[in-house]
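Just query03.pdb here, PDB, C-alpha atoms and all ligand atoms:
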ATOM      1  CA  MET A  15      32.565 -16.067 -19.945  1.00  0.00           C
ATOM      2  CA  ASN A  16      31.053 -19.092 -21.730  1.00  0.00           C
ATOM      3  CA  ALA A  17      27.451 -19.230 -22.951  1.00  0.00           C
ATOM      4  CA  ALA A  18      26.216 -21.341 -20.027  1.00  0.00           C
ATOM      5  CA  SER A  19      27.617 -19.091 -17.281  1.00  0.00           C
ATOM      6  CA  SER A  20      26.439 -15.958 -19.098  1.00  0.00           C
ATOM      7  CA  SER A  21      22.935 -17.447 -19.171  1.00  0.00           C
ATOM      8  CA  THR A  22      23.119 -18.316 -15.458  1.00  0.00           C
ATOM      9  CA  TRP A  23      24.240 -14.773 -14.697  1.00  0.00           C
ATOM     10  CA  MET A  24      21.300 -13.330 -16.691  1.00  0.00           C
ATOM     11  CA  TRP A  25      18.865 -15.636 -14.957  1.00  0.00           C
ATOM     12  CA  TYR A  26      20.013 -14.542 -11.518  1.00  0.00           C
ATOM     13  CA  ALA A  27      20.020 -10.885 -12.607  1.00  0.00           C
ATOM     14  CA  SER A  28      16.453 -11.274 -13.839  1.00  0.00           C
ATOM     15  CA  ARG A  29      15.287 -12.830 -10.566  1.00  0.00           C
ATOM     16  CA  ALA A  30      17.110 -10.263  -8.426  1.00  0.00           C
ATOM     17  CA  THR A  31      15.798  -7.266 -10.389  1.00  0.00           C
ATOM     18  CA  GLY A  32      12.270  -8.768 -10.182  1.00  0.00           C
ATOM     19  CA  VAL A  33      12.510  -8.878  -6.373  1.00  0.00           C
ATOM     20  CA  VAL A  34      13.865  -5.304  -6.191  1.00  0.00           C
ATOM     21  CA  ALA A  35      11.072  -4.161  -8.541  1.00  0.00           C
ATOM     22  CA  LEU A  36       8.441  -5.713  -6.253  1.00  0.00           C
ATOM     23  CA  LEU A  37       9.971  -3.973  -3.202  1.00  0.00           C
ATOM     24  CA  LEU A  38      10.075  -0.653  -5.073  1.00  0.00           C
ATOM     25  CA  LEU A  39       6.464  -1.035  -6.274  1.00  0.00           C
ATOM     26  CA  THR A  40       5.423  -1.636  -2.660  1.00  0.00           C
ATOM     27  CA  ALA A  41       7.299   1.472  -1.450  1.00  0.00           C
ATOM     28  CA  VAL A  42       5.832   3.543  -4.310  1.00  0.00           C
ATOM     29  CA  ALA A  43       2.286   2.396  -3.450  1.00  0.00           C
ATOM     30  CA  LEU A  44       2.793   3.203   0.264  1.00  0.00           C
ATOM     31  CA  LEU A  45       4.206   6.647  -0.558  1.00  0.00           C
ATOM     32  CA  GLY A  46       1.277   7.218  -2.958  1.00  0.00           C
ATOM     33  CA  LEU A  47      -1.157   6.570  -0.102  1.00  0.00           C
ATOM     34  CA  MET A  48       0.754   9.096   2.021  1.00  0.00           C
ATOM     35  CA  VAL A  49       0.790  11.702  -0.765  1.00  0.00           C
ATOM     36  CA  SER A  50      -2.974  11.319  -1.227  1.00  0.00           C
ATOM     37  CA  ARG A  51      -3.460  12.230   2.466  1.00  0.00           C
ATOM     38  CA  GLN A  52      -0.743  14.900   2.393  1.00  0.00           C
ATOM     39  CA  ALA A  53       0.969  12.970   5.176  1.00  0.00           C
ATOM     40  CA  ARG A  54       4.577  13.517   6.231  1.00  0.00           C
ATOM     41  CA  LEU A  55       7.306  10.927   6.529  1.00  0.00           C
ATOM     42  CA  ALA A  56       9.428  11.440   9.666  1.00  0.00           C
ATOM     43  CA  ASP A  57      10.711  15.035   9.493  1.00  0.00           C
ATOM     44  CA  LEU A  58      10.556  15.297   5.714  1.00  0.00           C
ATOM     45  CA  PRO A  59       8.459  18.114   4.256  1.00  0.00           C
ATOM     46  CA  ARG A  60       5.426  17.083   2.188  1.00  0.00           C
ATOM     47  CA  PHE A  61       7.032  18.012  -1.129  1.00  0.00           C
ATOM     48  CA  ALA A  62       9.880  15.580  -0.324  1.00  0.00           C
ATOM     49  CA  VAL A  63       7.376  12.722   0.136  1.00  0.00           C
ATOM     50  CA  THR A  64       5.870  13.570  -3.280  1.00  0.00           C
ATOM     51  CA  GLY A  65       9.368  13.706  -4.814  1.00  0.00           C
ATOM     52  CA  LEU A  66      10.295  10.352  -3.282  1.00  0.00           C
ATOM     53  CA  HIS A  67       7.056   8.814  -4.633  1.00  0.00           C
ATOM     54  CA  ARG A  68       7.855  10.095  -8.119  1.00  0.00           C
ATOM     55  CA  ASN A  69      11.559   9.180  -8.158  1.00  0.00           C
ATOM     56  CA  LEU A  70      11.077   5.698  -6.716  1.00  0.00           C
ATOM     57  CA  SER A  71       8.414   5.004  -9.356  1.00  0.00           C
ATOM     58  CA  LEU A  72      10.908   5.921 -12.101  1.00  0.00           C
ATOM     59  CA  LEU A  73      13.490   3.663 -10.427  1.00  0.00           C
ATOM     60  CA  ALA A  74      10.885   0.867 -10.372  1.00  0.00           C
ATOM     61  CA  VAL A  75      10.440   1.292 -14.153  1.00  0.00           C
ATOM     62  CA  ALA A  76      14.211   0.923 -14.611  1.00  0.00           C
ATOM     63  CA  PHE A  77      14.303  -2.287 -12.530  1.00  0.00           C
ATOM     64  CA  LEU A  78      11.233  -3.672 -14.326  1.00  0.00           C
ATOM     65  CA  LEU A  79      12.871  -3.053 -17.701  1.00  0.00           C
ATOM     66  CA  LEU A  80      16.056  -4.787 -16.500  1.00  0.00           C
ATOM     67  CA  HIS A  81      13.973  -7.672 -15.124  1.00  0.00           C
ATOM     68  CA  VAL A  82      12.176  -8.164 -18.436  1.00  0.00           C
ATOM     69  CA  LEU A  83      15.216  -7.637 -20.688  1.00  0.00           C
ATOM     70  CA  THR A  84      17.426 -10.067 -18.745  1.00  0.00           C
ATOM     71  CA  ALA A  85      14.596 -12.661 -18.700  1.00  0.00           C
ATOM     72  CA  VAL A  86      14.270 -12.313 -22.490  1.00  0.00           C
ATOM     73  CA  ALA A  87      18.043 -12.217 -23.172  1.00  0.00           C
ATOM     74  CA  ASP A  88      18.734 -15.262 -21.019  1.00  0.00           C
ATOM     75  CA  GLY A  89      18.856 -18.249 -23.330  1.00  0.00           C
ATOM     76  CA  TYR A  90      17.943 -20.942 -20.790  1.00  0.00           C
ATOM     77  CA  VAL A  91      14.242 -20.574 -21.610  1.00  0.00           C
ATOM     78  CA  THR A  92      12.797 -18.828 -24.671  1.00  0.00           C
ATOM     79  CA  ILE A  93      10.717 -15.737 -23.922  1.00  0.00           C
ATOM     80  CA  ALA A  94       9.787 -13.402 -26.793  1.00  0.00           C
ATOM     81  CA  LEU A  95      10.143  -9.680 -26.080  1.00  0.00           C
ATOM     82  CA  ASP A  96       6.588  -8.897 -27.199  1.00  0.00           C
ATOM     83  CA  SER A  97       5.183 -11.411 -24.714  1.00  0.00           C
ATOM     84  CA  ALA A  98       6.435  -9.081 -21.961  1.00  0.00           C
ATOM     85  CA  VAL A  99       3.805  -6.513 -22.971  1.00  0.00           C
ATOM     86  CA  ILE A 100       1.199  -8.630 -24.812  1.00  0.00           C
ATOM     87  CA  PRO A 101      -0.384 -10.744 -22.055  1.00  0.00           C
ATOM     88  CA  PHE A 102      -0.649 -14.544 -22.279  1.00  0.00           C
ATOM     89  CA  THR A 103       1.430 -14.938 -25.437  1.00  0.00           C
ATOM     90  CA  SER A 104       4.528 -16.446 -23.809  1.00  0.00           C
ATOM     91  CA  ARG A 105       5.140 -20.124 -24.438  1.00  0.00           C
ATOM     92  CA  TYR A 106       7.065 -20.343 -21.179  1.00  0.00           C
ATOM     93  CA  GLU A 107       4.860 -20.059 -18.049  1.00  0.00           C
ATOM     94  CA  ARG A 108       1.990 -18.575 -20.144  1.00  0.00           C
ATOM     95  CA  LEU A 109      -0.292 -17.860 -17.159  1.00  0.00           C
ATOM     96  CA  TRP A 110       2.220 -16.336 -14.732  1.00  0.00           C
ATOM     97  CA  LEU A 111       4.163 -14.370 -17.335  1.00  0.00           C
ATOM     98  CA  GLY A 112       0.848 -13.230 -18.841  1.00  0.00           C
ATOM     99  CA  ILE A 113      -0.166 -11.901 -15.419  1.00  0.00           C
ATOM    100  CA  GLY A 114       3.261 -10.195 -15.180  1.00  0.00           C
ATOM    101  CA  ALA A 115       2.658  -8.544 -18.577  1.00  0.00           C
ATOM    102  CA  VAL A 116      -0.741  -7.225 -17.394  1.00  0.00           C
ATOM    103  CA  GLY A 117       0.927  -5.797 -14.247  1.00  0.00           C
ATOM    104  CA  LEU A 118       3.679  -4.213 -16.337  1.00  0.00           C
ATOM    105  CA  ASP A 119       1.175  -2.668 -18.802  1.00  0.00           C
ATOM    106  CA  LEU A 120      -0.945  -1.203 -15.993  1.00  0.00           C
ATOM    107  CA  PHE A 121       2.106   0.199 -14.217  1.00  0.00           C
ATOM    108  CA  LEU A 122       3.451   1.719 -17.457  1.00  0.00           C
ATOM    109  CA  ALA A 123       0.030   3.335 -18.115  1.00  0.00           C
ATOM    110  CA  VAL A 124       0.151   4.931 -14.654  1.00  0.00           C
ATOM    111  CA  ILE A 125       3.720   6.176 -15.152  1.00  0.00           C
ATOM    112  CA  ILE A 126       3.197   7.514 -18.698  1.00  0.00           C
ATOM    113  CA  THR A 127       0.002   9.410 -17.780  1.00  0.00           C
ATOM    114  CA  SER A 128       1.781  10.853 -14.725  1.00  0.00           C
ATOM    115  CA  LEU A 129       4.652  12.097 -16.900  1.00  0.00           C
ATOM    116  CA  LEU A 130       2.045  13.662 -19.255  1.00  0.00           C
ATOM    117  CA  ARG A 131      -0.085  14.980 -16.408  1.00  0.00           C
ATOM    118  CA  GLY A 132       0.276  18.599 -17.548  1.00  0.00           C
ATOM    119  CA  HIS A 133      -1.426  17.700 -20.844  1.00  0.00           C
ATOM    120  CA  LEU A 134      -4.260  15.648 -19.321  1.00  0.00           C
ATOM    121  CA  GLY A 135      -7.267  16.708 -17.293  1.00  0.00           C
ATOM    122  CA  ARG A 136      -7.064  15.837 -13.566  1.00  0.00           C
ATOM    123  CA  ARG A 137     -10.021  13.442 -13.882  1.00  0.00           C
ATOM    124  CA  ALA A 138      -8.415  11.468 -16.730  1.00  0.00           C
ATOM    125  CA  TRP A 139      -5.072  11.344 -14.923  1.00  0.00           C
ATOM    126  CA  TYR A 140      -6.722  10.230 -11.655  1.00  0.00           C
ATOM    127  CA  ALA A 141      -8.859   7.568 -13.387  1.00  0.00           C
ATOM    128  CA  VAL A 142      -5.697   5.963 -14.808  1.00  0.00           C
ATOM    129  CA  HIS A 143      -3.798   6.463 -11.537  1.00  0.00           C
ATOM    130  CA  LEU A 144      -6.409   4.367  -9.727  1.00  0.00           C
ATOM    131  CA  LEU A 145      -5.157   1.426 -11.831  1.00  0.00           C
ATOM    132  CA  SER A 146      -2.184   1.284  -9.472  1.00  0.00           C
ATOM    133  CA  TYR A 147      -4.543  -0.342  -6.937  1.00  0.00           C
ATOM    134  CA  ALA A 148      -4.918  -3.190  -9.469  1.00  0.00           C
ATOM    135  CA  SER A 149      -1.345  -3.284 -10.753  1.00  0.00           C
ATOM    136  CA  TRP A 150       0.197  -4.076  -7.348  1.00  0.00           C
ATOM    137  CA  PRO A 151      -1.822  -7.251  -6.570  1.00  0.00           C
ATOM    138  CA  ILE A 152      -1.342  -8.400 -10.175  1.00  0.00           C
ATOM    139  CA  ALA A 153       2.448  -7.872  -9.948  1.00  0.00           C
ATOM    140  CA  PHE A 154       2.375  -9.664  -6.593  1.00  0.00           C
ATOM    141  CA  ALA A 155       0.481 -12.649  -8.050  1.00  0.00           C
ATOM    142  CA  HIS A 156       3.068 -12.908 -10.859  1.00  0.00           C
ATOM    143  CA  SER A 157       5.971 -12.661  -8.391  1.00  0.00           C
ATOM    144  CA  VAL A 158       4.738 -15.420  -6.099  1.00  0.00           C
ATOM    145  CA  GLY A 159       3.123 -17.582  -8.793  1.00  0.00           C
ATOM    146  CA  SER A 160       5.999 -17.633 -11.269  1.00  0.00           C
ATOM    147  CA  SER A 161       8.713 -18.247  -8.738  1.00  0.00           C
ATOM    148  CA  GLY A 162       9.247 -21.469  -6.822  1.00  0.00           C
ATOM    149  CA  ASP A 163      11.584 -19.527  -4.518  1.00  0.00           C
ATOM    150  CA  MET A 164       8.969 -17.019  -3.401  1.00  0.00           C
ATOM    151  CA  GLN A 165       6.665 -19.779  -2.258  1.00  0.00           C
ATOM    152  CA  SER A 166       8.713 -20.699   0.812  1.00  0.00           C
ATOM    153  CA  GLY A 167      11.412 -19.532   3.238  1.00  0.00           C
ATOM    154  CA  TRP A 168      12.639 -15.961   3.585  1.00  0.00           C
ATOM    155  CA  MET A 169      11.457 -14.983   0.100  1.00  0.00           C
ATOM    156  CA  LEU A 170       7.898 -15.887   1.104  1.00  0.00           C
ATOM    157  CA  LEU A 171       8.327 -13.868   4.322  1.00  0.00           C
ATOM    158  CA  LEU A 172       9.453 -10.905   2.213  1.00  0.00           C
ATOM    159  CA  ALA A 173       6.371 -11.221  -0.025  1.00  0.00           C
ATOM    160  CA  VAL A 174       4.057 -11.502   3.002  1.00  0.00           C
ATOM    161  CA  ALA A 175       5.752  -8.445   4.600  1.00  0.00           C
ATOM    162  CA  CYS A 176       5.107  -6.411   1.408  1.00  0.00           C
ATOM    163  CA  ALA A 177       1.436  -7.459   1.347  1.00  0.00           C
ATOM    164  CA  ALA A 178       1.015  -6.751   5.086  1.00  0.00           C
ATOM    165  CA  ALA A 179       2.634  -3.298   4.772  1.00  0.00           C
ATOM    166  CA  LEU A 180       0.328  -2.377   1.897  1.00  0.00           C
ATOM    167  CA  ALA A 181      -2.769  -3.733   3.678  1.00  0.00           C
ATOM    168  CA  ALA A 182      -1.852  -1.604   6.722  1.00  0.00           C
ATOM    169  CA  GLY A 183      -1.327   1.447   4.454  1.00  0.00           C
ATOM    170  CA  ILE A 184      -4.715   1.018   2.768  1.00  0.00           C
ATOM    171  CA  THR A 185      -6.459   0.552   6.147  1.00  0.00           C
ATOM    172  CA  TRP A 186      -4.833   3.770   7.408  1.00  0.00           C
ATOM    173  CA  ARG A 187      -5.877   5.605   4.210  1.00  0.00           C
ATOM    174  CA  VAL A 188      -9.512   4.428   4.417  1.00  0.00           C
ATOM    175  CA  ARG A 189      -9.755   5.306   8.122  1.00  0.00           C
ATOM    176  CA  ALA A 190      -8.252   8.749   7.562  1.00  0.00           C
ATOM    177  CA  ALA A 191     -10.732   9.411   4.721  1.00  0.00           C
ATOM    178  CA  ALA A 192     -13.655   8.265   6.900  1.00  0.00           C
ATOM    179  CA  ARG A 193     -12.612  10.766   9.598  1.00  0.00           C
ATOM    180  CA  ASP A 194     -12.877  13.641   7.107  1.00  0.00           C
ATOM    181  CA  LEU A 195     -15.936  15.818   7.513  1.00  0.00           C
ATOM    182  CA  PRO A 196     -18.041  16.261   4.377  1.00  0.00           C
ATOM    183  CA  ARG A 197     -17.238  19.611   2.663  1.00  0.00           C
ATOM    184  CA  ALA A 198     -20.447  21.380   3.835  1.00  0.00           C
ATOM    185  CA  GLN A 199     -19.843  20.365   7.447  1.00  0.00           C
ATOM    186  CA  ARG A 200     -16.237  21.570   7.184  1.00  0.00           C
ATOM    187  CA  VAL A 201     -17.422  25.133   6.477  1.00  0.00           C
ATOM    188  CA  HIS A 202     -19.736  25.009   9.513  1.00  0.00           C
ATOM    189  CA  ALA A 203     -16.966  23.644  11.721  1.00  0.00           C
ATOM    190  CA  LEU A 204     -14.562  26.362  10.536  1.00  0.00           C
ATOM    191  CA  MET A 205     -17.114  29.124  11.133  1.00  0.00           C
ATOM    192  CA  ALA A 206     -17.893  27.755  14.588  1.00  0.00           C
ATOM    193  CA  GLU A 207     -14.172  27.673  15.442  1.00  0.00           C
ATOM    194  CA  LEU A 208     -13.648  31.254  14.218  1.00  0.00           C
ATOM    195  CA  HIS A 209     -16.699  32.355  16.148  1.00  0.00           C
ATOM    196  CA  ALA A 210     -15.422  30.701  19.320  1.00  0.00           C
ATOM    197  CA  ARG A 211     -12.016  32.410  18.918  1.00  0.00           C
ATOM    198  CA  LYS A 212     -13.460  35.924  18.361  1.00  0.00           C
ATOM    199  CA  PRO A 213     -12.845  38.074  21.485  1.00  0.00           C
ATOM    200  CA  ARG A 214     -16.145  39.001  23.111  1.00  0.00           C
ATOM    201  CA  ALA A 215     -16.980  42.685  23.621  1.00  0.00           C
ATOM    202  CA  GLY A 216     -15.787  43.745  27.076  1.00  0.00           C
ATOM    203  CA  ALA A 217     -13.497  40.707  27.472  1.00  0.00           C
ATOM    204  CA  GLN A 218      -9.788  41.403  28.244  1.00  0.00           C
TER     205      GLN A 218
HETATM  206  C1  LIG B 301       4.903  -5.554 -12.604  1.00  0.00           C
HETATM  207  C2  LIG B 301       5.748  -6.282 -13.228  1.00  0.00           C
HETATM  208  C3  LIG B 301       6.614  -7.381 -12.646  1.00  0.00           C
HETATM  209  C4  LIG B 301       7.133  -7.590 -11.381  1.00  0.00           C
HETATM  210  C5  LIG B 301       6.961  -6.730 -10.137  1.00  0.00           C
HETATM  211  C6  LIG B 301       7.902  -8.817 -11.429  1.00  0.00           C
HETATM  212  C7  LIG B 301       8.568  -9.382 -10.348  1.00  0.00           C
HETATM  213  C8  LIG B 301       9.035 -10.692 -10.327  1.00  0.00           C
HETATM  214  C9  LIG B 301       9.513 -11.391  -9.167  1.00  0.00           C
HETATM  215  C10 LIG B 301       9.595 -10.826  -7.751  1.00  0.00           C
HETATM  216  C11 LIG B 301       9.887 -12.643  -9.540  1.00  0.00           C
HETATM  217  C12 LIG B 301      10.453 -13.763  -8.657  1.00  0.00           C
HETATM  218  C13 LIG B 301      11.957 -13.668  -8.586  1.00  0.00           C
HETATM  219  C14 LIG B 301      12.617 -14.831  -7.837  1.00  0.00           C
HETATM  220  O1  LIG B 301      12.083 -15.906  -7.751  1.00  0.00           O
HETATM  221  O2  LIG B 301      13.721 -14.652  -7.324  1.00  0.00           O
HETATM  222  C15 LIG B 301       9.654 -12.744 -10.975  1.00  0.00           C
HETATM  223  C16 LIG B 301       9.919 -13.866 -11.742  1.00  0.00           C
HETATM  224  C17 LIG B 301       9.945 -13.852 -13.123  1.00  0.00           C
HETATM  225  N1  LIG B 301       9.475 -12.849 -13.943  1.00  0.00           N
HETATM  226 FE1  LIG B 301       8.673 -11.094 -13.340  1.00  0.00          FE
HETATM  227  N2  LIG B 301       7.877  -9.306 -12.711  1.00  0.00           N
HETATM  228  C18 LIG B 301       7.091  -8.474 -13.480  1.00  0.00           C
HETATM  229  C19 LIG B 301       6.794  -8.619 -14.827  1.00  0.00           C
HETATM  230  C20 LIG B 301       7.376  -9.569 -15.668  1.00  0.00           C
HETATM  231  C21 LIG B 301       7.239  -9.615 -17.096  1.00  0.00           C
HETATM  232  C22 LIG B 301       6.412  -8.642 -17.937  1.00  0.00           C
HETATM  233  C23 LIG B 301       7.993 -10.668 -17.536  1.00  0.00           C
HETATM  234  C24 LIG B 301       8.153 -11.079 -18.977  1.00  0.00           C
HETATM  235  C25 LIG B 301       9.254 -11.296 -19.538  1.00  0.00           C
HETATM  236  C26 LIG B 301       8.584 -11.308 -16.367  1.00  0.00           C
HETATM  237  C27 LIG B 301       9.418 -12.428 -16.353  1.00  0.00           C
HETATM  238  C28 LIG B 301       9.725 -13.185 -15.255  1.00  0.00           C
HETATM  239  C29 LIG B 301      10.380 -14.491 -15.275  1.00  0.00           C
HETATM  240  C30 LIG B 301      10.840 -15.240 -16.517  1.00  0.00           C
HETATM  241  C31 LIG B 301      10.488 -14.913 -13.938  1.00  0.00           C
HETATM  242  C32 LIG B 301      11.101 -16.227 -13.430  1.00  0.00           C
HETATM  243  C33 LIG B 301      10.074 -17.333 -13.572  1.00  0.00           C
HETATM  244  C34 LIG B 301      10.667 -18.679 -13.147  1.00  0.00           C
HETATM  245  O3  LIG B 301      11.273 -18.757 -12.071  1.00  0.00           O
HETATM  246  O4  LIG B 301      10.485 -19.636 -13.877  1.00  0.00           O
HETATM  247  N3  LIG B 301       8.198 -10.605 -15.254  1.00  0.00           N
HETATM  248  N4  LIG B 301       9.129 -11.556 -11.415  1.00  0.00           N
END
Structure rendered as structure tokens:
Amino acid sequence: MNAASSSTWMWYASRATGVVALLLLTAVALLGLMVSRQARLADLPRFAVTGLHRNLSLLAVAFLLLHVLTAVADGYVTIALDSAVIPFTSRYERLWLGIGAVGLDLFLAVIITSLLRGHLGRRAWYAVHLLSYASWPIAFAHSVGSSGDMQSGWMLLLAVACAAALAAGITWRVRAAARDLPRAQRVHALMAELHARKPRAGAQ
């Protein structure tokens, strides 16, 4: 393989892994919303939904690393490796790659604190985990902004479908939370239900 075709190959690999990473990040975010409501996916038990959320997020890390490494290794444009994690230091596409670096940093913070969850308090872990609500739109902005291809045709449709799926997931999550009774009212409701179920004296 000559240098030019190897570079072309890397460039395509970088673009393809970027698209897969965006799809995986969307699936991970949707599954996260389901896990937070202890919802089930089709006939899967709840622990399987949690496992899928965790494993797909690790797969997303792998695709993100491939995306970044192939973009850096490709010689067509010069991108320094440190600019992938230090935002707005890339000479090439400073704004859009800088936004990508912010998205990557936030996502890595969420993943690393989740892997270390046993050593962190729940509050600290949850505070960092909430960053995933910011990392997705930032990753999305990088994906659409840095790529001419994602600004039209089927690639744009794919991006819009990801955004629509996540918007629907967040709406479902907010509605489900709003339906929850406050804790004090839950105790009353439970007591009332138990009381109603108790067989009355003399009843058969
Ligand atoms: C959350 C992190 C990221 C996600 C989800 C992501 C995803 C994407 C997607 C979907 C594309 C468009 C692919 C296409 O047009 O076919 C893209 C383009 C690109 N990304 Fe990322 N990316 C991320 C972070 C980064 C980082 C940190 C770098 C730094 C090296 C980077 C470098 C690039 C480059 C060089 C392009 C192509 C820009 C061009 O067409 O000129 N990405 N990315």
### Query
So, counting only C-alpha atoms and all ligand atoms, which residue among A:Leu80, A:Val188, A:Met205, A:Ala56 is closest to ligand LIG 301 (chain B)?
A:Leu80
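Take the PyMOL selection byres (((chain A and resi 52) around 12) and not hetatm) and apply it to this file: it picks Leu45, Gly46, Leu47, Met48, Val49, Ser50, Arg51, Ala53, Arg54, Leu55, Leu58, Pro59, Arg60, Phe61, Ala62, Val63, Thr64, Arg187, Ala190 and Ala191 of chain A.
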List all protein, DNA and RNA residues that have any atom at most 6 Å from ligand LIG 301 (chain B), counting all atoms listed in the file, and write the list as a PDB file with C-alpha atoms, keeping the file's coordinate frame.
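part13.pdb, freshly written:
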ATOM      1  CA  ARG A  29      15.287 -12.830 -10.566  1.00  0.00           C
ATOM      2  CA  ALA A  30      17.110 -10.263  -8.426  1.00  0.00           C
ATOM      3  CA  GLY A  32      12.270  -8.768 -10.182  1.00  0.00           C
ATOM      4  CA  VAL A  33      12.510  -8.878  -6.373  1.00  0.00           C
ATOM      5  CA  ALA A  35      11.072  -4.161  -8.541  1.00  0.00           C
ATOM      6  CA  LEU A  36       8.441  -5.713  -6.253  1.00  0.00           C
ATOM      7  CA  VAL A  82      12.176  -8.164 -18.436  1.00  0.00           C
ATOM      8  CA  ALA A  85      14.596 -12.661 -18.700  1.00  0.00           C
ATOM      9  CA  VAL A  86      14.270 -12.313 -22.490  1.00  0.00           C
ATOM     10  CA  ALA A  98       6.435  -9.081 -21.961  1.00  0.00           C
ATOM     11  CA  LEU A 111       4.163 -14.370 -17.335  1.00  0.00           C
ATOM     12  CA  GLY A 114       3.261 -10.195 -15.180  1.00  0.00           C
ATOM     13  CA  ALA A 115       2.658  -8.544 -18.577  1.00  0.00           C
ATOM     14  CA  GLY A 117       0.927  -5.797 -14.247  1.00  0.00           C
ATOM     15  CA  LEU A 118       3.679  -4.213 -16.337  1.00  0.00           C
ATOM     16  CA  ALA A 153       2.448  -7.872  -9.948  1.00  0.00           C
ATOM     17  CA  SER A 157       5.971 -12.661  -8.391  1.00  0.00           C
ATOM     18  CA  SER A 160       5.999 -17.633 -11.269  1.00  0.00           C
ATOM     19  CA  SER A 161       8.713 -18.247  -8.738  1.00  0.00           C
ATOM     20  CA  ASP A 163      11.584 -19.527  -4.518  1.00  0.00           C
ATOM     21  CA  MET A 164       8.969 -17.019  -3.401  1.00  0.00           C
TER      22      MET A 164
END
### Task
Could you tell me which residues the PyMOL selection byres (((chain A and resi 127) around 12) and not hetatm) grabs in this file, written as number ranges by chain?
A: 120-126, 128-146
### Query
When you draw a straight line from CA of Thr40 (chain A) to CA of Thr103 (chain A), how long is it in Å?
26.7 Å
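One finds CA of Thr92 (chain A) at 26.0 Å from CA of Pro151 (chain A).
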#### Entry: Closest of A:Val116, A:Ala192, A:Ile152, A:Ala206 to Ala177 (chain A) - atom-to-atom distances counting all atoms listed in the file
A:Ile152
### Task
In Å, rounded to a single decimal, give me how far CA of Leu70 (chain A) is from CA of Glu107 (chain A).
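If I compute the distance from CA of Glu107 (chain A) to CA of Leu70 (chain A), I get 28.8 Å.
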### Task
Evaluate the PyMOL selection byres (((chain A and resi 84) around 10) and not hetatm) here and jot the selected residues down as a list in words.
Ser21, Trp23, Met24, Trp25, Tyr26, Ala27, Ser28, Arg29, Thr31, Leu78, Leu79, Leu80, His81, Val82, Leu83, Ala85, Val86, Ala87, Asp88 and Gly89 of chain A
### Message
From the options A:Leu180, A:Leu66, A:Ala76, A:Ile113, which residue's atoms come nearest to Val158 (chain A), counting all atoms listed in the file?
### Response
A:Ile113
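Distances to Trp110 (chain A) were evaluated for A:Ala94, A:Ala155, A:Val34, A:Ala74 using all atoms listed in the file, and the minimum falls at A:Ala155.
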